[in-house]
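J.: Next comes model_24.txt, compact mmCIF, C-alpha atoms and all ligand atoms:
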```txt
# COMPACT_ATOMS: atom_id res chain seq x y z
CA MET A 6 -3.76 32.16 80.07
CA VAL A 7 -4.83 31.72 83.69
CA LEU A 8 -3.84 34.80 85.70
CA ASN A 9 -5.63 33.98 88.94
CA PRO A 10 -7.06 30.50 89.63
CA ARG A 11 -9.42 32.13 92.15
CA GLY A 12 -10.53 34.75 89.65
CA PRO A 13 -13.82 35.02 87.80
CA ARG A 14 -15.17 32.04 85.88
CA CYS A 15 -14.23 32.01 82.21
CA ARG A 16 -16.47 30.69 79.48
CA CYS A 17 -13.79 28.05 78.74
CA GLY A 18 -14.52 26.45 82.13
CA HIS A 19 -11.38 27.62 83.97
CA PHE A 20 -11.22 30.46 86.49
CA GLY A 21 -9.28 33.70 86.20
CA CYS A 22 -8.24 33.42 82.54
CA LEU A 23 -7.06 36.55 80.78
CA GLU A 24 -10.29 36.43 78.82
CA ALA A 25 -12.31 36.52 82.03
CA TYR A 26 -10.70 39.93 82.71
CA VAL A 27 -10.28 41.58 79.32
CA SER A 28 -12.96 40.23 76.99
CA THR A 29 -15.68 42.69 76.04
CA ALA A 30 -18.08 40.46 78.03
CA ALA A 31 -15.98 41.18 81.14
CA VAL A 32 -15.04 44.82 80.49
CA ALA A 33 -18.48 46.17 79.54
CA PRO A 34 -20.21 45.44 82.88
CA ALA A 35 -17.10 46.63 84.74
CA ILE A 36 -17.54 50.08 83.19
CA GLY A 37 -21.29 50.02 83.60
CA ILE A 38 -22.47 49.37 80.05
CA ARG A 39 -23.87 46.40 78.15
CA GLU A 40 -21.46 44.37 76.04
CA GLN A 41 -23.60 45.03 72.97
CA ASP A 42 -23.29 48.79 73.58
CA LEU A 43 -19.51 48.51 73.85
CA LEU A 44 -19.43 46.46 70.64
CA THR A 45 -21.39 49.06 68.72
CA MET A 46 -19.43 52.06 69.98
CA GLY A 47 -16.54 53.35 68.00
CA GLU A 48 -14.52 56.42 67.24
CA GLY A 49 -13.33 56.60 70.84
CA ARG A 50 -16.81 56.98 72.30
CA ALA A 51 -16.17 54.39 75.01
CA GLY A 52 -13.07 56.33 76.04
CA ARG A 53 -15.18 59.47 76.54
CA LEU A 54 -17.65 57.79 78.90
CA LYS A 55 -17.85 59.38 82.34
CA LEU A 56 -16.59 56.55 84.51
CA SER A 57 -16.66 56.43 88.29
CA THR A 58 -13.35 56.35 90.12
CA ARG A 59 -14.02 52.69 90.93
CA ALA A 60 -14.77 51.80 87.30
CA ARG A 61 -11.68 53.68 86.12
CA GLY A 62 -9.56 51.78 88.66
CA ASP A 63 -11.12 48.49 87.57
CA LEU A 64 -10.37 49.29 83.93
CA ALA A 65 -6.77 50.15 84.83
CA MET A 66 -6.43 46.77 86.58
CA ARG A 67 -7.73 44.98 83.48
CA LEU A 68 -5.37 46.90 81.18
CA GLY A 69 -2.47 46.11 83.51
CA ARG A 70 -3.33 42.41 83.41
CA LEU A 71 -3.48 42.56 79.62
CA GLY A 72 -0.02 44.15 79.64
CA LEU A 73 1.23 41.48 82.04
CA ALA A 74 0.04 38.77 79.65
CA ILE A 75 1.60 40.54 76.66
CA GLY A 76 4.87 40.90 78.59
CA ASN A 77 4.84 37.18 79.37
CA ALA A 78 4.24 36.39 75.71
CA LEU A 79 7.10 38.72 74.74
CA ASN A 80 9.41 36.86 77.14
CA LEU A 81 8.77 33.77 75.04
CA MET A 82 8.64 35.47 71.64
CA PRO A 83 10.59 38.72 71.74
CA VAL A 84 9.34 41.29 69.26
CA ARG A 85 9.39 45.07 69.50
CA ARG A 86 6.19 45.94 67.74
CA VAL A 87 2.96 44.97 69.41
CA MET A 88 -0.40 45.73 67.87
CA VAL A 89 -3.39 45.64 70.16
CA ALA A 90 -6.76 45.22 68.52
CA GLY A 91 -10.19 45.51 70.07
CA TRP A 92 -11.64 47.63 72.86
CA PRO A 93 -8.38 49.02 74.36
CA ALA A 94 -8.08 51.26 71.28
CA GLU A 95 -11.21 53.02 72.52
CA PHE A 96 -9.33 54.19 75.62
CA GLY A 97 -6.32 55.76 73.89
CA ASP A 98 -3.55 57.08 76.13
CA GLU A 99 -5.08 55.56 79.26
CA ALA A 100 -4.98 52.10 77.68
CA HIS A 101 -1.48 52.67 76.33
CA ALA A 102 -0.14 53.59 79.78
CA GLY A 103 -1.98 50.74 81.50
CA ILE A 104 -0.81 48.08 79.09
CA LEU A 105 2.73 49.43 79.08
CA GLY A 106 2.75 49.34 82.89
CA GLY A 107 1.76 45.68 82.83
CA ILE A 108 4.43 44.87 80.25
CA GLU A 109 7.00 46.73 82.36
CA GLY A 110 6.10 44.52 85.30
CA SER A 111 6.52 41.22 83.50
CA LEU A 112 8.88 41.61 80.55
CA PHE A 113 12.50 40.77 81.24
CA GLY A 114 14.49 43.94 80.58
CA GLY A 115 11.43 46.18 80.87
CA ALA A 116 9.09 47.71 78.37
CA SER A 117 11.24 50.57 77.07
CA ALA A 118 11.95 48.86 73.73
CA VAL A 119 8.35 47.83 73.11
CA ASN A 120 6.34 49.85 70.61
CA ILE A 121 2.59 49.45 71.14
CA THR A 122 0.11 50.60 68.56
CA PHE A 123 -3.61 50.15 68.56
CA SER A 124 -5.64 49.13 65.61
CA ASN A 125 -8.83 51.08 65.25
CA ALA A 126 -11.27 48.89 67.03
CA GLU A 127 -13.48 46.73 64.90
CA LEU A 128 -15.49 45.75 67.91
CA GLY A 129 -17.60 42.69 67.38
CA ARG A 130 -15.29 41.38 64.67
CA GLU A 131 -12.48 40.25 66.97
CA PRO A 132 -10.28 38.36 66.75
CA ALA A 133 -10.68 38.11 62.97
CA ALA A 134 -10.09 41.83 62.40
CA GLY A 135 -6.95 41.89 64.58
CA ILE A 136 -5.51 38.74 63.01
CA ALA A 137 -6.14 40.12 59.51
CA LEU A 138 -4.38 43.37 60.46
CA ALA A 139 -1.41 41.53 61.99
CA THR A 140 -1.11 39.35 58.88
CA TYR A 141 -1.20 42.43 56.66
CA ALA A 142 1.50 44.15 58.77
CA TYR A 143 3.66 41.01 58.68
CA LEU A 144 3.42 40.67 54.91
CA HIS A 145 3.80 44.42 54.35
CA ARG A 146 7.18 44.30 56.13
CA GLY A 147 8.37 41.54 53.82
CA ALA A 148 7.31 38.61 56.00
CA MET A 149 10.17 36.50 57.36
CA GLN A 150 13.64 37.76 56.40
CA PRO A 151 15.92 35.18 54.75
CA GLU A 152 18.44 35.29 57.66
CA ALA A 153 15.62 34.36 60.03
CA LEU A 154 15.10 31.19 58.01
CA ALA A 155 18.68 30.01 58.61
CA GLY A 156 18.56 26.84 60.66
CA GLU A 157 14.96 26.11 59.76
CA ILE A 158 14.01 22.65 58.62
CA THR A 159 14.55 22.30 54.91
CA THR A 160 13.43 19.65 52.50
CA ASP A 161 17.05 18.36 52.49
CA ASN A 162 17.12 17.44 56.17
CA LEU A 163 13.56 16.15 56.14
CA THR A 164 14.64 13.20 54.03
CA GLU A 165 17.13 11.92 56.62
ZN ZN A 201 -10.66 30.71 79.80
```
So that I can check it, write out the structure of this file as structure tokens.
T.:
Amino acid sequence: MVLNPRGPRCRCGHFGCLEAYVSTAAVAPAIGIREQDLLTMGEGRAGRLKLSTRARGDLAMRLGRLGLAIGNALNLMPVRRVMVAGWPAEFGDEAHAGILGGIEGSLFGGASAVNITFSNAELGREPAAGIALATYAYLHRGAMQPEALAGEITTDNLTE
């Protein structure tokens, strides 16, 4: 998702992609640490780092952009529960407020109905850890409800 075509170069070859702002490769230097150090932190240690005012503002901008992207995705696929995996979990309430602010700015109808939870970061194992958690949550809630399947393609109308 390109947020700013004049933004930083992304490893995919484009400029200003979401990843160029919120990947651990982008966030770690912005808060003054090595990516490998961020990946090996845990238990909220990154969130307890003493950050400069500039670094804290930069982090807030990145969290806001992440929220903006999530809000845009929710405009296309409205769901109430959003699970964020990866480094934002390290920043607790600060990340929650930043992401929610971004969602508020981009989601039609605002962010009041959106419930964000963070998975405990499994830094260095993303996105596999986040996808596994989302799959578990989806199946745990009974997967797709039968009424949601109404109107789906069935084997009957495939033969026509
Ligand atoms: Zn990219």
J.: So, with all atoms listed in the file as the atoms that count, which of A:Ala139, A:Phe113, A:Phe123, A:Arg59 lies closest to Pro83 of chain A?
T.: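 The answer is A:Phe113, which sits nearest to Pro83 of chain A.
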J.: Residues at most 12 Å from ligand ZN 201 (chain A), using only C-alpha atoms and all ligand atoms? Could they come as a list in words?
T.: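 Checked against 12 Å with only C-alpha atoms and all ligand atoms; the hits are Met6, Val7, Leu8, Asn9, Pro10, Gly12, Pro13, Arg14, Cys15, Arg16, Cys17, Gly18, His19, Phe20, Gly21, Cys22, Leu23, Glu24, Ala25, Tyr26, Val27, Ser28 and Ala31 of chain A.
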J.: When you draw a straight line from atom CA of Gln41 of chain A to atom CA of Ala78 of chain A, how long is it in Å?
T.: 29.3 Å
J.: Point out the residue among A:Leu128, A:Ile121, A:Leu73, A:Ala33 with the least atom-to-atom distance to Gly47 of chain A, counting only C-alpha atoms.
T.: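 Closest to Gly47 of chain A of all the choices is A:Leu128.
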J.: Using all atoms listed in the file, pick whichever of A:Met88, A:Ala60, A:Met66, A:Leu81 has the shortest atom-to-atom distance to Ala137 of chain A.
T.: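 Closest residue, counting all atoms listed in the file: A:Met88.
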J.: What is the atom CA of Ala134 of chain A-atom CA of Val89 of chain A distance in Å, reported with one decimal?
T.: 10.9 Å
J.: Under the rule that only C-alpha atoms are counted, which of A:Pro132, A:Gly147, A:Gly52, A:Gly62 is the nearest residue to Ala94 of chain A?
T.: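 Among the listed residues, the smallest separation from Ala94 of chain A belongs to A:Gly52.
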J.: So, with all atoms listed in the file as the atoms that count, which of A:Gly135, A:Gly103, A:Gly129, A:Lys55 lies closest to Ala30 of chain A?
T.: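 Result for the nearest residue to Ala30 of chain A: A:Gly129.
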